[in-house]
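S.K.: One structure, pasted below without further comment.
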Amino acid sequence: MPDKKIVVISGAGISAESGLATFRDYGGLWEGYDIEEVASPQGWEDNPDKILEFYNLRRKQAAKAKPNEAHKGLADLEDDFDVVIITQNVDDLHERGGSTNVIHLHGELRKVRSEKDETLIKDIGGKAIKLGDLASDGAQLRPHVVWFGEMVPMIEPAVKEVSEADILIVIGTSLVVYPAAGLIEYAKENIPKYIIDPGEPQLFNADEWFHYKEKAGTGVKKLIEKIKEKL
Ligand code: OAD
């Protein structure tokens with residue numbers, strides 16, 4: 001069992017080169033959709049059809065997308081390190097890229113659940129759901145994703161992993177959505193911290209970070225070479 005732990009915090013940017021849109025970049029998802037309408041409990045109450053349509057489309061797109069070099073590179077790191085991926089992404093490209101230890105902070109597109117009982121979850125792959133599709137308790141099925149204003153149950157295991165990291169890597173997230181963005185504050189002092197992003201995420205203590213200011217595909221390749229040099 002490798003003894004060093006690498007923790008990766010990823011966001012929509014890592015899946016951009018697989019053809020999935022980010023949220024806040026030019027042309028991103030939040031330009032075409034109103035967050036309140038498609039990603040909040042109020043939106044679900046007001047117009048569930050619209051929410052189902054939004055996630056059905058994203059589920060279909062994600063099912064067609066393929067993991068890119070960044071997802072695959074992180075999976076290869078498992079040969080030499082204990083790697084934990086904490087992702088805000090609802091796609092399954094980390095898993096399909098080969099990563100075996102993935103924490104989904106904001107849920108998973110492939111899964112749906114009862115709107116009444118959050119433990120009644122089922123995997124529907126790339127399929128669509130509609131009003132009238134029911135869980136085993138007779139309640140309407142909803143996407144198994146975290147909406148704004150909802151709890152983020154996976155934050156606790158994620159905090160624990162970050163606090164145990166020997167190397168921390170952040171890829172493709174603007175770091176503006178909490179509690180995910182606050183995770184980096186739980187890292188031990190003086191561990192190597194790397195960020196891969198062509199933009200300027202909202203980094204706290206930016207001087208502690210080595211920034212690969214480029215896309216995930218090339219950035220991950222360079223970073224892995226650097227980390228492996230030190231083995
Ligand atoms: P954002 O859209 O906020 O940020 C995407 C980040 O990816 C930006 O920092 C971009 O510069 C960067 N980026 C763009 N292309 C890239 C590429 N090819 N390689 C690497 N980086 C690239 O997405 P997130 O930070 O993931 O939550 O958004 C966080 C949360 O806000 C999402 O999980 C979602 C959203 O609302 C919910 O829906 C609950």
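Convention: chains lettered A, B, ... in structure tokens order; per-chain residue numbering from 1; ligands numbered from 1 as shown.
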Neighbouring residues of Ala187 of chain A were defined as those with any atom within 8 Å, considering only C-alpha atoms; residues of the same chain fewer than 4 positions away were excluded. Please report them as number ranges by chain.
M.R.: A: 162-165, 168, 183, 191
S.K.: Just the selected residues (C-alpha atoms), exported as a compact mmCIF listing (two decimals), in the first residue's frame, please.
M.R.:
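Wrote it out as out13.txt, contents follow:
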```txt
# COMPACT_ATOMS: atom_id res chain seq x y z
CA VAL A 162 -7.85 16.96 2.93
CA SER A 163 -6.52 17.18 6.49
CA GLU A 164 -4.55 13.95 5.89
CA ALA A 165 -3.12 14.95 2.50
CA LEU A 168 -2.89 18.68 -2.44
CA LEU A 183 -11.85 22.53 1.88
CA ILE A 191 2.60 20.33 2.19
```
S.K.: If you count only C-alpha atoms and all ligand atoms, which residues end up within 6 Å of ligand 1, as number ranges by chain?
M.R.: A: 11-14, 16-17, 22-25, 88-89, 106, 146-148, 172-175, 177, 197-199, 201, 215-216
S.K.: Report as a list in words all protein, DNA and RNA residues lying within 6 Å of segment 60-74 of chain A, evaluated on only C-alpha atoms, omitting residues in the same chain fewer than 3 positions from it.
M.R.: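 These residues fall inside the cut-off: Ser18, Leu57, Leu77, Asp91, Leu93, His94, Gly97, Gly126, Ala216, Gly217 and Val220 of chain A.
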S.K.: As a PyMOL selection string, list the residues of segment 105-222 of chain A assigned to strand (DSSP E or B) by DSSP on the backbone atoms of this structure.
M.R.: chain A and resi 107-114+121-123+134+140-145+167-171+193-196+210-212
S.K.: Restricting the calculation to only C-alpha atoms: of A:Lys213, A:Lys193, A:Arg96, A:Arg142, which residue gets closest to Glu45 of chain A?
M.R.: A:Arg142
S.K.: I'd like the interatomic distance between atom CA of Thr119 of chain A and atom CA of Ala181 of chain A, to a tenth of an Å.
M.R.: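 We find that atom CA of Thr119 of chain A and atom CA of Ala181 of chain A lie 25.9 Å from each other.
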S.K.: Which is closest to Asp49 of chain A among A:Gly219, A:Gly19, A:Gly98, A:Pro143, if we use only C-alpha atoms?
M.R.: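 Residue with the minimum atom-to-atom distance to Asp49 of chain A: A:Pro143.
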S.K.: DSSP on the backbone: what in segment 42-189 of chain A comes out helix (DSSP H, G or I), as JSON, numbers by chain?
M.R.: {"A": [42, 43, 44, 45, 46, 48, 49, 50, 51, 52, 53, 54, 55, 56, 57, 58, 59, 60, 61, 62, 63, 64, 69, 70, 71, 72, 73, 74, 75, 76, 77, 78, 79, 93, 94, 95, 96, 155, 156, 157, 158, 159, 160, 161, 162, 163, 180, 181, 182, 183, 184, 185, 186]}
S.K.: Quick one: of A:Tyr178, A:Ser10, A:Ile121, A:Ile35, who's nearest to Ile103 of chain A, counting only C-alpha atoms?
M.R.: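 Ranked by minimum distance to Ile103 of chain A, first place goes to A:Ser10.
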S.K.: As an exercise, work out the distance from atom CA of Gly107 of chain A to atom CA of Met154 of chain A in Å and give it to one decimal place.
M.R.: 8.9 Å
S.K.: Rank nothing, just name the residue among A:Pro192, A:Gly132, A:Pro153, A:Gly138 nearest to Asp166 of chain A, using only C-alpha atoms.
M.R.: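 Ranked by minimum distance to Asp166 of chain A, first place goes to A:Pro192.
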S.K.: Counting only C-alpha atoms, what is within 7 Å of Val7 of chain A, bar same-chain residues fewer than 2 positions away, as a list in words?
M.R.: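 Once the adjacent positions are removed, what remains is Lys5, Ile9, Val83, Val84, Ile85, Glu161, Val162, Ala165, Ile167, Leu168 and Ile169 of chain A.
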S.K.: Using only C-alpha atoms for the distances, tell me which of A:Gly32, A:Leu52, A:Val8, A:Phe81 is nearest to Leu109 of chain A.
M.R.: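 Closest candidate: A:Leu52.
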S.K.: Rounded to one decimal in Å, what is the spacing between atom CA of Leu203 of chain A and atom CA of Ile6 of chain A?
M.R.: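 Value for the atom CA of Leu203 of chain A-atom CA of Ile6 of chain A distance: 19.0 Å.
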S.K.: Excluding Ile129 of chain A and residues on its chain fewer than 3 positions from it, collect all residues at most 8 Å away from it, counting only C-alpha atoms, and give them as a list of chain:residue names.
M.R.: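 In the requested format, the answer is A:Leu52, A:Asn56, A:Asp133, A:Leu141.
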S.K.: Please determine, counting only C-alpha atoms, which residue among A:Phe54, A:His211, A:Glu36, A:Lys228 has the shortest atom-to-atom distance to Ala128 of chain A.
M.R.: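 That would be A:Phe54, the residue with the smallest distance to Ala128 of chain A.
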